[in-house]
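Chemist: Just one file: run05.cif, with mmCIF, C-alpha atoms and all ligand atoms.
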```cif
data_run
loop_
_atom_site.group_PDB
_atom_site.id
_atom_site.type_symbol
_atom_site.label_atom_id
_atom_site.label_comp_id
_atom_site.auth_asym_id
_atom_site.auth_seq_id
_atom_site.Cartn_x
_atom_site.Cartn_y
_atom_site.Cartn_z
ATOM 1 C CA MET A 1 0.000 0.000 0.000
ATOM 2 C CA ASN A 2 1.263 3.494 -0.730
ATOM 3 C CA PRO A 3 1.348 6.004 2.178
ATOM 4 C CA ILE A 4 -1.860 7.750 1.098
ATOM 5 C CA SER A 5 -3.921 4.581 0.877
ATOM 6 C CA SER A 6 -2.465 3.360 4.191
ATOM 7 C CA LEU A 7 -3.561 6.618 5.773
ATOM 8 C CA VAL A 8 -7.029 6.309 4.278
ATOM 9 C CA PHE A 9 -7.228 2.740 5.543
ATOM 10 C CA VAL A 10 -6.232 3.766 9.079
ATOM 11 C CA LEU A 11 -8.791 6.573 9.012
ATOM 12 C CA LEU A 12 -11.501 4.200 7.801
ATOM 13 C CA LEU A 13 -10.562 1.737 10.529
ATOM 14 C CA THR A 14 -10.916 4.466 13.128
ATOM 15 C CA VAL A 15 -14.338 5.475 11.884
ATOM 16 C CA PHE A 16 -15.756 2.033 10.989
ATOM 17 C CA PRO A 17 -13.801 -0.513 13.046
ATOM 18 C CA THR A 18 -16.597 -3.072 13.362
ATOM 19 C CA GLN A 19 -17.758 -2.716 9.770
ATOM 20 C CA ILE A 20 -14.274 -3.306 8.459
ATOM 21 C CA LEU A 21 -12.746 -5.752 10.911
ATOM 22 C CA CYS A 22 -15.573 -7.846 12.353
ATOM 23 C CA GLN A 23 -17.644 -8.210 9.189
ATOM 24 C CA THR A 24 -14.660 -9.087 7.078
ATOM 25 C CA THR A 25 -13.834 -11.682 9.689
ATOM 26 C CA LEU A 26 -17.252 -13.291 9.353
ATOM 27 C CA ILE A 27 -16.900 -13.389 5.547
ATOM 28 C CA GLU A 28 -13.391 -14.803 5.919
ATOM 29 C CA GLN A 29 -14.664 -17.402 8.352
ATOM 30 C CA ALA A 30 -17.432 -18.407 5.940
ATOM 31 C CA CYS A 31 -15.127 -18.546 2.927
ATOM 32 C CA GLY A 32 -12.656 -20.513 5.021
ATOM 33 C CA TYR A 33 -15.153 -23.404 4.913
ATOM 34 C CA THR A 34 -15.246 -23.413 1.107
ATOM 35 C CA ILE A 35 -13.076 -25.088 -1.517
ATOM 36 C CA TYR A 36 -13.154 -22.185 -4.011
ATOM 37 C CA LYS A 37 -12.110 -19.462 -1.575
ATOM 38 C CA VAL A 38 -11.235 -16.760 -4.100
ATOM 39 C CA LEU A 39 -14.604 -17.172 -5.824
ATOM 40 C CA CYS A 40 -16.278 -17.052 -2.398
ATOM 41 C CA LEU A 41 -14.548 -13.782 -1.480
ATOM 42 C CA GLU A 42 -15.305 -12.296 -4.913
ATOM 43 C CA THR A 43 -18.969 -13.120 -4.349
ATOM 44 C CA LEU A 44 -19.389 -11.986 -0.740
ATOM 45 C CA VAL A 45 -16.982 -9.075 -0.233
ATOM 46 C CA PRO A 46 -18.725 -6.662 -2.662
ATOM 47 C CA ASP A 47 -22.205 -7.569 -1.369
ATOM 48 C CA SER A 48 -23.609 -4.975 1.033
ATOM 49 C CA VAL A 49 -25.915 -7.443 2.799
ATOM 50 C CA ALA A 50 -22.992 -9.817 3.343
ATOM 51 C CA HIS A 51 -20.904 -6.930 4.604
ATOM 52 C CA SER A 52 -23.298 -6.011 7.358
ATOM 53 C CA ALA A 53 -24.125 -9.652 8.193
ATOM 54 C CA ARG A 54 -23.804 -10.659 11.827
ATOM 55 C CA TYR A 55 -24.708 -14.321 11.405
ATOM 56 C CA LEU A 56 -23.368 -17.078 9.217
ATOM 57 C CA LYS A 57 -26.936 -17.850 8.157
ATOM 58 C CA THR A 58 -27.135 -14.484 6.381
ATOM 59 C CA LEU A 59 -23.954 -15.263 4.459
ATOM 60 C CA ALA A 60 -25.366 -18.673 3.519
ATOM 61 C CA VAL A 61 -28.529 -17.007 2.171
ATOM 62 C CA VAL A 62 -26.552 -14.373 0.244
ATOM 63 C CA SER A 63 -24.230 -17.013 -1.172
ATOM 64 C CA LEU A 64 -27.172 -19.166 -2.290
ATOM 65 C CA ASN A 65 -28.874 -16.125 -3.764
ATOM 66 C CA HIS A 66 -25.825 -15.336 -5.888
ATOM 67 C CA THR A 67 -25.785 -18.968 -7.010
ATOM 68 C CA ARG A 68 -29.447 -18.696 -7.951
ATOM 69 C CA ASN A 69 -28.867 -15.445 -9.842
ATOM 70 C CA PHE A 70 -25.948 -16.955 -11.727
ATOM 71 C CA ALA A 71 -28.061 -20.009 -12.627
ATOM 72 C CA ASP A 72 -30.603 -17.569 -14.043
ATOM 73 C CA GLU A 73 -27.862 -16.034 -16.222
ATOM 74 C CA VAL A 74 -26.820 -19.504 -17.413
ATOM 75 C CA ASP A 75 -30.459 -20.283 -18.224
ATOM 76 C CA TYR A 76 -30.751 -17.054 -20.208
ATOM 77 C CA LYS A 77 -27.562 -17.880 -22.120
ATOM 78 C CA ILE A 78 -28.824 -21.396 -22.898
ATOM 79 C CA ASP A 79 -32.112 -20.012 -24.224
ATOM 80 C CA GLY A 80 -30.246 -17.605 -26.515
ATOM 81 C CA LEU A 81 -28.026 -20.390 -27.880
ATOM 82 C CA ARG A 82 -31.042 -22.677 -28.286
ATOM 83 C CA ASP A 83 -32.989 -20.081 -30.250
ATOM 84 C CA SER A 84 -30.118 -19.363 -32.637
ATOM 85 C CA ALA A 85 -28.969 -22.995 -33.112
ATOM 86 C CA LYS A 86 -29.691 -24.840 -36.368
ATOM 87 C CA GLU A 87 -31.976 -27.873 -36.157
ATOM 88 C CA GLY A 88 -29.971 -30.880 -35.032
ATOM 89 C CA PRO A 89 -28.564 -32.666 -31.996
ATOM 90 C CA MET A 90 -26.882 -29.536 -30.576
ATOM 91 C CA LYS A 91 -30.184 -27.670 -30.654
ATOM 92 C CA GLN A 92 -31.904 -30.666 -29.092
ATOM 93 C CA ALA A 93 -29.319 -30.780 -26.278
ATOM 94 C CA LEU A 94 -29.869 -27.062 -25.643
ATOM 95 C CA ILE A 95 -33.668 -27.546 -25.624
ATOM 96 C CA ASN A 96 -33.187 -30.326 -23.076
ATOM 97 C CA CYS A 97 -30.819 -28.191 -20.977
ATOM 98 C CA SER A 98 -33.173 -25.253 -21.022
ATOM 99 C CA LYS A 99 -35.850 -27.393 -19.357
ATOM 100 C CA ARG A 100 -33.336 -28.624 -16.778
ATOM 101 C CA TYR A 101 -32.163 -25.129 -15.966
ATOM 102 C CA TYR A 102 -35.688 -23.905 -15.426
ATOM 103 C CA THR A 103 -35.790 -26.491 -12.623
ATOM 104 C CA VAL A 104 -32.266 -25.649 -11.399
ATOM 105 C CA VAL A 105 -33.273 -22.008 -10.858
ATOM 106 C CA GLU A 106 -36.509 -23.062 -9.152
ATOM 107 C CA LYS A 107 -34.700 -25.433 -6.759
ATOM 108 C CA LEU A 108 -32.019 -22.867 -5.922
ATOM 109 C CA GLN A 109 -34.722 -20.282 -5.212
ATOM 110 C CA ALA A 110 -36.401 -22.784 -2.877
ATOM 111 C CA ALA A 111 -33.036 -23.375 -1.165
ATOM 112 C CA VAL A 112 -32.670 -19.609 -0.586
ATOM 113 C CA THR A 113 -36.150 -19.468 0.980
ATOM 114 C CA SER A 114 -35.652 -22.580 3.131
ATOM 115 C CA THR A 115 -32.305 -21.357 4.436
ATOM 116 C CA ALA A 116 -33.724 -17.927 5.230
ATOM 117 C CA GLN A 117 -36.458 -19.711 7.229
ATOM 118 C CA GLY A 118 -33.824 -21.764 9.043
ATOM 119 C CA ASN A 119 -34.869 -25.053 7.431
ATOM 120 C CA VAL A 120 -31.443 -26.431 6.542
ATOM 121 C CA VAL A 121 -32.710 -29.978 5.935
ATOM 122 C CA ALA A 122 -35.126 -28.777 3.262
ATOM 123 C CA ALA A 123 -32.448 -26.519 1.769
ATOM 124 C CA LYS A 124 -30.056 -29.441 1.411
ATOM 125 C CA SER A 125 -32.705 -31.510 -0.396
ATOM 126 C CA ARG A 126 -33.428 -28.673 -2.823
ATOM 127 C CA LEU A 127 -29.673 -28.267 -3.458
ATOM 128 C CA THR A 128 -29.340 -31.966 -4.247
ATOM 129 C CA GLU A 129 -32.226 -31.676 -6.712
ATOM 130 C CA ALA A 130 -30.588 -28.633 -8.316
ATOM 131 C CA THR A 131 -27.365 -30.646 -8.719
ATOM 132 C CA VAL A 132 -29.173 -33.589 -10.326
ATOM 133 C CA ASN A 133 -30.734 -31.293 -12.931
ATOM 134 C CA ARG A 134 -27.497 -29.410 -13.542
ATOM 135 C CA GLN A 135 -25.650 -32.690 -14.113
ATOM 136 C CA GLN A 136 -28.371 -33.957 -16.433
ATOM 137 C CA CYS A 137 -27.727 -30.943 -18.632
ATOM 138 C CA ASP A 138 -23.978 -31.731 -18.663
ATOM 139 C CA GLN A 139 -24.908 -35.295 -19.599
ATOM 140 C CA TYR A 140 -26.621 -34.172 -22.842
ATOM 141 C CA PHE A 141 -23.220 -33.070 -24.127
ATOM 142 C CA LYS A 142 -21.198 -36.100 -23.013
ATOM 143 C CA GLY A 143 -19.854 -38.475 -25.677
ATOM 144 C CA ARG A 144 -21.115 -36.332 -28.546
ATOM 145 C CA HIS A 145 -19.301 -34.865 -31.510
ATOM 146 C CA TYR A 146 -19.877 -31.350 -30.224
ATOM 147 C CA GLU A 147 -18.549 -29.616 -27.116
ATOM 148 C CA SER A 148 -20.830 -28.051 -24.593
ATOM 149 C CA PRO A 149 -20.933 -24.318 -25.396
ATOM 150 C CA ILE A 150 -21.738 -23.616 -21.746
ATOM 151 C CA SER A 151 -19.119 -25.708 -19.929
ATOM 152 C CA ASP A 152 -17.283 -22.677 -18.460
ATOM 153 C CA LEU A 153 -20.548 -21.309 -17.097
ATOM 154 C CA THR A 154 -21.709 -24.627 -15.666
ATOM 155 C CA THR A 155 -18.295 -25.170 -14.034
ATOM 156 C CA LYS A 156 -18.479 -21.778 -12.355
ATOM 157 C CA LEU A 157 -22.064 -22.454 -11.274
ATOM 158 C CA SER A 158 -21.115 -25.795 -9.719
ATOM 159 C CA GLN A 159 -18.285 -24.088 -7.810
ATOM 160 C CA MET A 160 -20.615 -21.342 -6.556
ATOM 161 C CA GLN A 161 -23.119 -23.944 -5.390
ATOM 162 C CA ASN A 162 -20.376 -25.997 -3.752
ATOM 163 C CA ASN A 163 -19.255 -22.899 -1.826
ATOM 164 C CA ALA A 164 -22.801 -22.063 -0.744
ATOM 165 C CA GLU A 165 -23.311 -25.651 0.432
ATOM 166 C CA ALA A 166 -20.122 -25.483 2.508
ATOM 167 C CA ILE A 167 -21.444 -22.386 4.292
ATOM 168 C CA VAL A 168 -24.909 -23.918 4.760
ATOM 169 C CA ALA A 169 -23.246 -26.967 6.352
ATOM 170 C CA HIS A 170 -21.848 -24.741 9.121
ATOM 171 C CA ILE A 171 -24.989 -22.890 10.187
HETATM 172 C C1 LIG A 201 -31.078 -11.788 -4.197
HETATM 173 O O1 LIG A 201 -30.647 -11.206 -5.409
HETATM 174 C C2 LIG A 201 -31.577 -10.287 -5.959
HETATM 175 C C3 LIG A 201 -31.042 -9.841 -7.318
HETATM 176 O O2 LIG A 201 -29.767 -9.267 -7.218
HETATM 177 C C4 LIG A 201 -31.743 -9.123 -4.985
HETATM 178 O O3 LIG A 201 -32.674 -8.211 -5.506
HETATM 179 C C5 LIG A 201 -32.214 -9.659 -3.652
HETATM 180 O O4 LIG A 201 -32.276 -8.616 -2.713
HETATM 181 C C6 LIG A 201 -31.255 -10.716 -3.139
HETATM 182 N N1 LIG A 201 -31.783 -11.320 -1.924
HETATM 183 C C7 LIG A 201 -30.986 -11.636 -0.894
HETATM 184 C C8 LIG A 201 -31.672 -12.317 0.238
HETATM 185 O O5 LIG A 201 -29.778 -11.412 -0.862
HETATM 186 C C1 LIG A 202 -33.102 -34.846 -25.113
HETATM 187 O O1 LIG A 202 -33.997 -35.455 -24.217
HETATM 188 C C2 LIG A 202 -34.708 -36.546 -24.775
HETATM 189 C C3 LIG A 202 -35.786 -36.945 -23.771
HETATM 190 O O2 LIG A 202 -35.271 -37.026 -22.473
HETATM 191 C C4 LIG A 202 -33.722 -37.660 -25.070
HETATM 192 O O3 LIG A 202 -34.376 -38.773 -25.616
HETATM 193 C C5 LIG A 202 -32.687 -37.155 -26.070
HETATM 194 O O4 LIG A 202 -31.682 -38.134 -26.275
HETATM 195 C C6 LIG A 202 -32.054 -35.869 -25.576
HETATM 196 N N1 LIG A 202 -31.268 -35.338 -26.687
HETATM 197 C C7 LIG A 202 -30.052 -34.834 -26.536
HETATM 198 C C8 LIG A 202 -29.354 -34.389 -27.768
HETATM 199 O O5 LIG A 202 -29.530 -34.688 -25.454
#
```
Show this structure as structure tokens.

Modeler:
Amino acid sequence: MNPISSLVFVLLLTVFPTQILCQTTLIEQACGYTIYKVLCLETLVPDSVAHSARYLKTLAVVSLNHTRNFADEVDYKIDGLRDSAKEGPMKQALINCSKRYYTVVEKLQAAVTSTAQGNVVAAKSRLTEATVNRQQCDQYFKGRHYESPISDLTTKLSQMQNNAEAIVAHI
């Protein structure tokens, strides 16, 4: 850090000690439970709700919500690819995936709601169902002559969900 930013940091610490130190500690604690720690920090640190969270449960809900929102983006991307694909097996795989992802988003939304209500058992079931549907989409592209055009997105989504599950497991 250069001297100016160090000074700014010290000033901020003086004015907002709890906001900066304690809350970061809770996020660090939560991300410490995850496998993909950098992705976890990237997700939670910029989130204002996560920043003011006092309980791990809040971070679990926020983390699941980001997973749900990202699944929605993946779904949107799949629909775009499906609509522009020529008739054929690739289009069929995308049509199949689109149906799966509709369910993935639904299950992740239900997991957000269950966790917010403190029903971890129900949340875990919904997360398992989301995983089954996500993996079924991956399956449509396995052993074919074409690559999945969404493999980077589905990999990131599975890592986000894995992180959220690790936090849920500790509440
Ligand atoms: C979930 O994400 C949506 C979209 O960004 C946001 O409007 C909503 O407040 C978030 N809910 C929680 C519980 O973080
Ligand atoms: C799409 O789903 C149908 C019905 O489940 C299945 O028979 C078909 O093999 C799938 N097609 C592709 C390309 O994944």

Chemist: Return as JSON lines the residues of chain A lying at most 12 Å from ligand LIG 201 (chain A), together with the closest atom-to-atom pair for each and the distance in Å to one decimal, counting only C-alpha atoms and all ligand atoms, with rows in chain order and ascending residue number.

Modeler:
```
{"residue": "A:Thr43", "atom": "CA", "partner": "A:LIG201", "partner_atom": "O5", "distance": 11.5}
{"residue": "A:Leu44", "atom": "CA", "partner": "A:LIG201", "partner_atom": "O5", "distance": 10.4}
{"residue": "A:Asp47", "atom": "CA", "partner": "A:LIG201", "partner_atom": "O5", "distance": 8.5}
{"residue": "A:Ser48", "atom": "CA", "partner": "A:LIG201", "partner_atom": "O5", "distance": 9.1}
{"residue": "A:Val49", "atom": "CA", "partner": "A:LIG201", "partner_atom": "O5", "distance": 6.6}
{"residue": "A:Ala50", "atom": "CA", "partner": "A:LIG201", "partner_atom": "O5", "distance": 8.1}
{"residue": "A:His51", "atom": "CA", "partner": "A:LIG201", "partner_atom": "O5", "distance": 11.3}
{"residue": "A:Ser52", "atom": "CA", "partner": "A:LIG201", "partner_atom": "O5", "distance": 11.8}
{"residue": "A:Ala53", "atom": "CA", "partner": "A:LIG201", "partner_atom": "O5", "distance": 10.8}
{"residue": "A:Lys57", "atom": "CA", "partner": "A:LIG201", "partner_atom": "C8", "distance": 10.8}
{"residue": "A:Thr58", "atom": "CA", "partner": "A:LIG201", "partner_atom": "C8", "distance": 7.9}
{"residue": "A:Leu59", "atom": "CA", "partner": "A:LIG201", "partner_atom": "O5", "distance": 8.8}
{"residue": "A:Ala60", "atom": "CA", "partner": "A:LIG201", "partner_atom": "C8", "distance": 9.5}
{"residue": "A:Val61", "atom": "CA", "partner": "A:LIG201", "partner_atom": "C8", "distance": 6.0}
{"residue": "A:Val62", "atom": "CA", "partner": "A:LIG201", "partner_atom": "O5", "distance": 4.5}
{"residue": "A:Ser63", "atom": "CA", "partner": "A:LIG201", "partner_atom": "O5", "distance": 7.9}
{"residue": "A:Leu64", "atom": "CA", "partner": "A:LIG201", "partner_atom": "O5", "distance": 8.3}
{"residue": "A:Asn65", "atom": "CA", "partner": "A:LIG201", "partner_atom": "C1", "distance": 4.9}
{"residue": "A:His66", "atom": "CA", "partner": "A:LIG201", "partner_atom": "O1", "distance": 6.4}
{"residue": "A:Thr67", "atom": "CA", "partner": "A:LIG201", "partner_atom": "O1", "distance": 9.3}
{"residue": "A:Arg68", "atom": "CA", "partner": "A:LIG201", "partner_atom": "O1", "distance": 8.0}
{"residue": "A:Asn69", "atom": "CA", "partner": "A:LIG201", "partner_atom": "O1", "distance": 6.4}
{"residue": "A:Phe70", "atom": "CA", "partner": "A:LIG201", "partner_atom": "O2", "distance": 9.7}
{"residue": "A:Ala71", "atom": "CA", "partner": "A:LIG201", "partner_atom": "O1", "distance": 11.7}
{"residue": "A:Asp72", "atom": "CA", "partner": "A:LIG201", "partner_atom": "C3", "distance": 10.3}
{"residue": "A:Glu73", "atom": "CA", "partner": "A:LIG201", "partner_atom": "C3", "distance": 11.3}
{"residue": "A:Leu108", "atom": "CA", "partner": "A:LIG201", "partner_atom": "C1", "distance": 11.3}
{"residue": "A:Gln109", "atom": "CA", "partner": "A:LIG201", "partner_atom": "C1", "distance": 9.3}
{"residue": "A:Ala110", "atom": "CA", "partner": "A:LIG201", "partner_atom": "C8", "distance": 11.9}
{"residue": "A:Ala111", "atom": "CA", "partner": "A:LIG201", "partner_atom": "C8", "distance": 11.2}
{"residue": "A:Val112", "atom": "CA", "partner": "A:LIG201", "partner_atom": "C8", "distance": 7.4}
{"residue": "A:Thr113", "atom": "CA", "partner": "A:LIG201", "partner_atom": "C8", "distance": 8.5}
{"residue": "A:Ser114", "atom": "CA", "partner": "A:LIG201", "partner_atom": "C8", "distance": 11.4}
{"residue": "A:Thr115", "atom": "CA", "partner": "A:LIG201", "partner_atom": "C8", "distance": 10.0}
{"residue": "A:Ala116", "atom": "CA", "partner": "A:LIG201", "partner_atom": "C8", "distance": 7.8}
{"residue": "A:Gln117", "atom": "CA", "partner": "A:LIG201", "partner_atom": "C8", "distance": 11.2}
```

Chemist: Using only C-alpha atoms and all ligand atoms, tabulate the residues of chain A lying at most 12 Å from any atom of ligand LIG 202 (chain A), each with its closest atom pair and that distance in Å to one decimal, by chain and increasing residue number, as JSON lines.

Modeler:
```
{"residue": "A:Arg82", "atom": "CA", "partner": "A:LIG202", "partner_atom": "C8", "distance": 11.8}
{"residue": "A:Glu87", "atom": "CA", "partner": "A:LIG202", "partner_atom": "C8", "distance": 10.9}
{"residue": "A:Gly88", "atom": "CA", "partner": "A:LIG202", "partner_atom": "C8", "distance": 8.1}
{"residue": "A:Pro89", "atom": "CA", "partner": "A:LIG202", "partner_atom": "C8", "distance": 4.6}
{"residue": "A:Met90", "atom": "CA", "partner": "A:LIG202", "partner_atom": "C8", "distance": 6.1}
{"residue": "A:Lys91", "atom": "CA", "partner": "A:LIG202", "partner_atom": "C8", "distance": 7.4}
{"residue": "A:Gln92", "atom": "CA", "partner": "A:LIG202", "partner_atom": "C8", "distance": 4.7}
{"residue": "A:Ala93", "atom": "CA", "partner": "A:LIG202", "partner_atom": "C8", "distance": 3.9}
{"residue": "A:Leu94", "atom": "CA", "partner": "A:LIG202", "partner_atom": "O5", "distance": 7.6}
{"residue": "A:Ile95", "atom": "CA", "partner": "A:LIG202", "partner_atom": "C1", "distance": 7.3}
{"residue": "A:Asn96", "atom": "CA", "partner": "A:LIG202", "partner_atom": "C1", "distance": 5.0}
{"residue": "A:Cys97", "atom": "CA", "partner": "A:LIG202", "partner_atom": "O5", "distance": 8.0}
{"residue": "A:Ser98", "atom": "CA", "partner": "A:LIG202", "partner_atom": "C1", "distance": 10.4}
{"residue": "A:Lys99", "atom": "CA", "partner": "A:LIG202", "partner_atom": "O1", "distance": 9.6}
{"residue": "A:Arg100", "atom": "CA", "partner": "A:LIG202", "partner_atom": "O1", "distance": 10.1}
{"residue": "A:Gln136", "atom": "CA", "partner": "A:LIG202", "partner_atom": "O5", "distance": 9.1}
{"residue": "A:Cys137", "atom": "CA", "partner": "A:LIG202", "partner_atom": "O5", "distance": 8.0}
{"residue": "A:Asp138", "atom": "CA", "partner": "A:LIG202", "partner_atom": "O5", "distance": 9.3}
{"residue": "A:Gln139", "atom": "CA", "partner": "A:LIG202", "partner_atom": "O5", "distance": 7.5}
{"residue": "A:Tyr140", "atom": "CA", "partner": "A:LIG202", "partner_atom": "O5", "distance": 3.9}
{"residue": "A:Phe141", "atom": "CA", "partner": "A:LIG202", "partner_atom": "O5", "distance": 6.6}
{"residue": "A:Lys142", "atom": "CA", "partner": "A:LIG202", "partner_atom": "O5", "distance": 8.8}
{"residue": "A:Gly143", "atom": "CA", "partner": "A:LIG202", "partner_atom": "O5", "distance": 10.4}
{"residue": "A:Arg144", "atom": "CA", "partner": "A:LIG202", "partner_atom": "C8", "distance": 8.5}
{"residue": "A:His145", "atom": "CA", "partner": "A:LIG202", "partner_atom": "C8", "distance": 10.7}
{"residue": "A:Tyr146", "atom": "CA", "partner": "A:LIG202", "partner_atom": "C8", "distance": 10.3}
{"residue": "A:Glu147", "atom": "CA", "partner": "A:LIG202", "partner_atom": "C8", "distance": 11.8}
{"residue": "A:Ser148", "atom": "CA", "partner": "A:LIG202", "partner_atom": "O5", "distance": 11.0}
```

Chemist: Please produce a file of the residues just selected, as a PDB file, keeping the file's coordinate frame, where the atoms kept are C-alpha atoms.

Modeler:
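File result14.pdb, as written:
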```
ATOM      1  CA  ARG A  82     -31.042 -22.677 -28.286  1.00  0.00           C
ATOM      2  CA  GLU A  87     -31.976 -27.873 -36.157  1.00  0.00           C
ATOM      3  CA  GLY A  88     -29.971 -30.880 -35.032  1.00  0.00           C
ATOM      4  CA  PRO A  89     -28.564 -32.666 -31.996  1.00  0.00           C
ATOM      5  CA  MET A  90     -26.882 -29.536 -30.576  1.00  0.00           C
ATOM      6  CA  LYS A  91     -30.184 -27.670 -30.654  1.00  0.00           C
ATOM      7  CA  GLN A  92     -31.904 -30.666 -29.092  1.00  0.00           C
ATOM      8  CA  ALA A  93     -29.319 -30.780 -26.278  1.00  0.00           C
ATOM      9  CA  LEU A  94     -29.869 -27.062 -25.643  1.00  0.00           C
ATOM     10  CA  ILE A  95     -33.668 -27.546 -25.624  1.00  0.00           C
ATOM     11  CA  ASN A  96     -33.187 -30.326 -23.076  1.00  0.00           C
ATOM     12  CA  CYS A  97     -30.819 -28.191 -20.977  1.00  0.00           C
ATOM     13  CA  SER A  98     -33.173 -25.253 -21.022  1.00  0.00           C
ATOM     14  CA  LYS A  99     -35.850 -27.393 -19.357  1.00  0.00           C
ATOM     15  CA  ARG A 100     -33.336 -28.624 -16.778  1.00  0.00           C
ATOM     16  CA  GLN A 136     -28.371 -33.957 -16.433  1.00  0.00           C
ATOM     17  CA  CYS A 137     -27.727 -30.943 -18.632  1.00  0.00           C
ATOM     18  CA  ASP A 138     -23.978 -31.731 -18.663  1.00  0.00           C
ATOM     19  CA  GLN A 139     -24.908 -35.295 -19.599  1.00  0.00           C
ATOM     20  CA  TYR A 140     -26.621 -34.172 -22.842  1.00  0.00           C
ATOM     21  CA  PHE A 141     -23.220 -33.070 -24.127  1.00  0.00           C
ATOM     22  CA  LYS A 142     -21.198 -36.100 -23.013  1.00  0.00           C
ATOM     23  CA  GLY A 143     -19.854 -38.475 -25.677  1.00  0.00           C
ATOM     24  CA  ARG A 144     -21.115 -36.332 -28.546  1.00  0.00           C
ATOM     25  CA  HIS A 145     -19.301 -34.865 -31.510  1.00  0.00           C
ATOM     26  CA  TYR A 146     -19.877 -31.350 -30.224  1.00  0.00           C
ATOM     27  CA  GLU A 147     -18.549 -29.616 -27.116  1.00  0.00           C
ATOM     28  CA  SER A 148     -20.830 -28.051 -24.593  1.00  0.00           C
TER      29      SER A 148
END
```

Chemist: In Å, how far is it from CA of Glu42 (chain A) to CA of Leu157 (chain A)?

Modeler: 13.8 Å

Chemist: From the options A:Leu56, A:His170, A:Ser125, A:Leu39, which residue's atoms come nearest to Ile27 (chain A), counting only C-alpha atoms?

Modeler: A:Leu56

Chemist: Quick one, how far is CA of Thr34 (chain A) from CA of Val121 (chain A)?

Modeler: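 Distance between the two atoms: 19.3 Å.
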
Chemist: Nearest residue to Ser151 (chain A) out of A:Tyr101, A:Val74, A:Ala123, A:Asp79, using all atoms listed in the file?

Modeler: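 Going through A:Tyr101, A:Val74, A:Ala123, A:Asp79 one by one, the smallest distance to Ser151 (chain A) is for A:Val74.
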